[in-house]
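Input: a single structure, listed below in structure tokens.
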Amino acid sequence: MMRMNPFKPTAGAEPPVLAGRDGILYDFEMGLEEGVGAPGRLMRITGPRGSGKTVLLTELGDIARRRGWRVLDVTAAERLPELICRRLERSSDAEYELGIDLMVVKASARLGDKGESADDVYEALGRVARALTKHGKGLLVTIDEIQDASIGEVREIAVAIQHLIREKQNIAFIFAGLTSGVMDLLGEDGPTFLRRAYPEELGTIPTDEVAAALRSTIEKNGMAIDDAALAAAADATAGYAYLIQLVGYNIWRCAQIRREGDEGSILAEDVQRGIRAARDDFDRCVLEAAIGHLPKTAMEYLLAMTEDHGASSTGEIAARLGVGAPSLTSTRKLLVSRQIIEPTARGYVTFSIPFMREYLVQNRRSLLARYGVEL
Ligand SMILES: Nc1ncnc2c1ncn2[C@@H]1O[C@H](COP(=O)(O)OP(=O)(O)O)[C@@H](O)[C@H]1O
Ligand SMILES: [Mg+2]
């Protein structure tokens with residue numbers, strides 16, 4: 001019998017079980033409950049690609065929706081404040097059910113000739129938030145990939161939201177993005193209000209929570225797995241959200257196509273094969289995608305880092321490459337901005353994506369050959 005694969009190894013796709021996020025979901029729900037000024041109403045979510053930021057925004061949005069809040073999800077784009085104004089003009093189900101008449105909103109928010117909004121983002125957010133607040137509901141705004149937004153536009157939106165919180169309107173704001181990009185955005189002259197946002201860095205998900213999520217997905221969908229096989233599968237994910245789905249997907253798949261043995265179980269051999277397939281997918285879709293098209297110096301920089309087991313000293317990397325440390329500054333910045341590496345302390349960096357070190361070590365020869373270097 002062929003069973004449908006429940007795992008979802010696709011960017012932004014809601015996983016069958018959300019691992020390791022109970023705490024943040026609870027904090028957010030309490031934030032909605034506790035009222036204006038609760039910390040859960042202003043959050044920032046950071047992490048590397050594939051750590052589960054987009055999916056988490058969706059889940060948080062669902063919580064707000066269940067409480068009758070309106071949710072406005074946007075992804076950073078040019079002219080973000082105008083995008084928000086335009087999207088706010090459309091009434092949502094929440095408003096429809098409450099009988100809130102947004103015709104007023106539409107009338108005053110008419111677009112100018114060049115498609116620019118005649119409205120300002122504070123006015124637009126204010127009208128919707130006030131109408132909802134009056135009915136005991138509220139407005140949640142989420143911005144994904146915020147590292148791609150311009151700082152001026154983010155400031156404009158932040159100021160508007162801050163004012164509405166001061167006016168005691170029910171408004172919540174959650175933004176998500178790549179760690180280093182968000183830090184840059186919030187840096188020295190970033191909006192102070194946003195720097196105070198409750199920080200949630202999506203790091204490694206504990207192995208026991210990964211195992212629980214894998215097990216419950218497998219069992220809910222009519223298959224079984226024993227403890228040892230489950231532990232091996234959970235281990236192979238390194239607690240990385242995307243790998244949970246990739247490993248789950250592949251071990252399930254291997255059990256379905258196996259010809260002999262227990263049909264209703266994912267066996268140790270399926271797990272072994274599945275992990276290998278998952279790592280191959282991960283190499284191609286994540287690791288290779290991250291380091292493809294790097295300039296030669298950047299590749300050499302990464303390879304020099306593989307000699308360390310933890311964080312690497314930037315001074316030592318320079319020494320290994322036989323150059324002065326200052327000449328590597330722009331290379332380091334490029335690698336940080338692509339979220340391949342990240343600073344751990346002043347003068348130290350480490351890899352941002354799991355298994356990057358292993359991938360570089362295993363493929364050293366072919367990676368260098370791309371730049372004409374023969375070993
Ligand atoms: N908490 C989680 N538990 C299990 N799988 C998750 C979790 N969060 C995300 N995923 C899975 O990881 C992958 C990447 O998620 P996504 O939200 O697109 O990451 P990001 O936005 O950080 O790049 C998707 O396949 C998604 O289903
Ligand atoms: Mg995303």
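If you're wondering about the labels, chains in the structure tokens are A, B, ... by order shown, residues count from 1 in each chain, ligands from 1 in order shown.
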
All residues within 8 Å of ligand 2 are required, counting only C-alpha atoms and all ligand atoms; please report them as an NGL selection string.
:A and (11-12 or 49-50 or 52-55 or 144-145 or 177)

Export of the given selection (C-alpha atoms) as a PDB file, in the first residue's frame:
```
ATOM      1  CA  ALA A  11      10.431  26.654   1.675  1.00  0.00           C
ATOM      2  CA  GLY A  12       7.453  28.245   3.398  1.00  0.00           C
ATOM      3  CA  ARG A  49      17.661  30.201   5.522  1.00  0.00           C
ATOM      4  CA  GLY A  50      15.665  27.097   6.263  1.00  0.00           C
ATOM      5  CA  GLY A  52      11.698  28.082   9.846  1.00  0.00           C
ATOM      6  CA  LYS A  53      11.047  31.838   9.928  1.00  0.00           C
ATOM      7  CA  THR A  54       8.325  32.021   7.284  1.00  0.00           C
ATOM      8  CA  VAL A  55       6.482  29.032   8.666  1.00  0.00           C
ATOM      9  CA  ASP A 144       9.134  38.635   6.139  1.00  0.00           C
ATOM     10  CA  GLU A 145      12.656  38.957   4.661  1.00  0.00           C
ATOM     11  CA  GLY A 177      14.788  37.988   8.412  1.00  0.00           C
TER      12      GLY A 177
END
```

What are the closest atom pairs, with distances in Å to one decimal, for all residues of region 292-317 of chain A lying within 12 Å of region 323-328 of chain A? Consider only C-alpha atoms, order rows by chain and residue number, and present the result as a tab-separated table.
```
residue	atom	partner	partner_atom	distance
A:Thr297	CA	A:Leu328	CA	8.4
A:Ala298	CA	A:Leu328	CA	8.8
A:Met299	CA	A:Leu328	CA	12.0
A:Glu300	CA	A:Leu328	CA	10.7
A:Tyr301	CA	A:Leu328	CA	8.4
A:Leu302	CA	A:Leu328	CA	11.7
A:Ser313	CA	A:Ala325	CA	10.3
A:Thr314	CA	A:Ala325	CA	7.0
A:Gly315	CA	A:Ala325	CA	5.7
A:Glu316	CA	A:Ala325	CA	8.5
A:Ile317	CA	A:Ala325	CA	8.0
```

Expected answer as a ChimeraX atom specification: residues within 7 Å of ligand 1, only C-alpha atoms and all ligand atoms:
/A:8-15,17-21,47-56,241-245

Non-local contacts of Leu32 (chain A) (12 Å; only C-alpha atoms; under 3 positions in same chain excluded) as JSON, numbers by chain
{"A": [25, 26, 27, 28, 29, 35, 36, 37, 38, 39, 40, 41, 42, 60, 61, 63, 64, 65, 66, 67, 68, 69, 133, 136, 137, 138, 139, 140, 169, 170, 171, 172, 173]}

Set the distance at 9 Å and use only C-alpha atoms: which residues neighbour region 344-357 of chain A once local chain neighbours fewer than 2 positions away are removed? I'd like the list as a ChimeraX atom specification.
/A:47-49,238,240,279,283,286-287,302-303,305-307,309-315,332,336,339-342,359-362

If you count only C-alpha atoms, which residues fall within 10 Å of region 256-268 of chain A, apart from same-chain ones fewer than 4 positions away, as a list in words?
Met1, Met2, Arg3, Met4, Asn5, Ile218, Glu219, Gly222, Met223, Ala224, Ile225, Asp226, Asp227, Ala228, Ala229, Leu230, Ala232, Ala233, Asn250, Ile251, Trp252, Gln272, Arg273 and Gly274 of chain A

Among region 195-351 of chain A, which residues carry a DSSP assignment of alpha helix (DSSP H), reported as a PyMOL selection string?
chain A and resi 195+207-220+227-236+241-257+268-282+288-291+296-305+314-321+329-337

Between CA of Pro81 (chain A) and CA of Val121 (chain A) - distance in Å to one decimal:
5.7 Å

Please give the complete set of residues from region 25-252 of chain A that DSSP, run on the backbone, assigns to strand (DSSP E or B), formatted as a ChimeraX atom specification.
/A:42-46,70-75,111,117,139-144,171-177,198-201,224-225

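Distances from A:Arg370, A:Arg320, A:Arg195, A:Arg166 to Arg44 (chain A) were compared using only C-alpha atoms, and the smallest one belongs to A:Arg195.
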
Write out as a VMD selection string each polymer residue whose atoms come within 7 Å of region 181-186 of chain A, counting only C-alpha atoms; drop sequence neighbours fewer than 5 positions from it.
chain A and resid 146 to 147 151 191 195 337

Within 8 Å of Thr207 (chain A), counting only C-alpha atoms, which residues show up once you throw out same-chain ones fewer than 3 positions away? Write them as number ranges by chain, please.
A: 210-211, 234-235, 238-239

Output of the above residues as a JSON list (two decimals), in the first residue's frame, restricted to N, CA, C and O atoms:
```
[["chain", "number", "residue", "atom", "x", "y", "z"],
["A", 210, "VAL", "N", 12.82, 17.20, 18.16],
["A", 210, "VAL", "CA", 12.84, 16.75, 16.77],
["A", 210, "VAL", "C", 12.30, 15.32, 16.70],
["A", 210, "VAL", "O", 11.44, 14.99, 15.87],
["A", 211, "ALA", "N", 12.79, 14.47, 17.61],
["A", 211, "ALA", "CA", 12.35, 13.07, 17.62],
["A", 211, "ALA", "C", 10.85, 12.99, 17.83],
["A", 211, "ALA", "O", 10.15, 12.23, 17.15],
["A", 234, "ALA", "N", 16.58, 11.56, 14.03],
["A", 234, "ALA", "CA", 16.55, 12.87, 14.70],
["A", 234, "ALA", "C", 17.94, 13.48, 14.74],
["A", 234, "ALA", "O", 18.13, 14.67, 14.49],
["A", 235, "ASP", "N", 18.93, 12.64, 15.04],
["A", 235, "ASP", "CA", 20.32, 13.09, 15.09],
["A", 235, "ASP", "C", 20.77, 13.71, 13.78],
["A", 235, "ASP", "O", 21.48, 14.71, 13.75],
["A", 238, "ALA", "N", 20.39, 17.54, 12.81],
["A", 238, "ALA", "CA", 21.16, 18.58, 13.48],
["A", 238, "ALA", "C", 20.25, 19.67, 14.07],
["A", 238, "ALA", "O", 20.68, 20.80, 14.29],
["A", 239, "GLY", "N", 18.99, 19.33, 14.27],
["A", 239, "GLY", "CA", 18.07, 20.30, 14.86],
["A", 239, "GLY", "C", 17.71, 21.46, 13.94],
["A", 239, "GLY", "O", 17.21, 22.49, 14.37]]
```

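The space separating CA of Val373 (chain A) from CA of Lys296 (chain A) comes to 9.8 Å.
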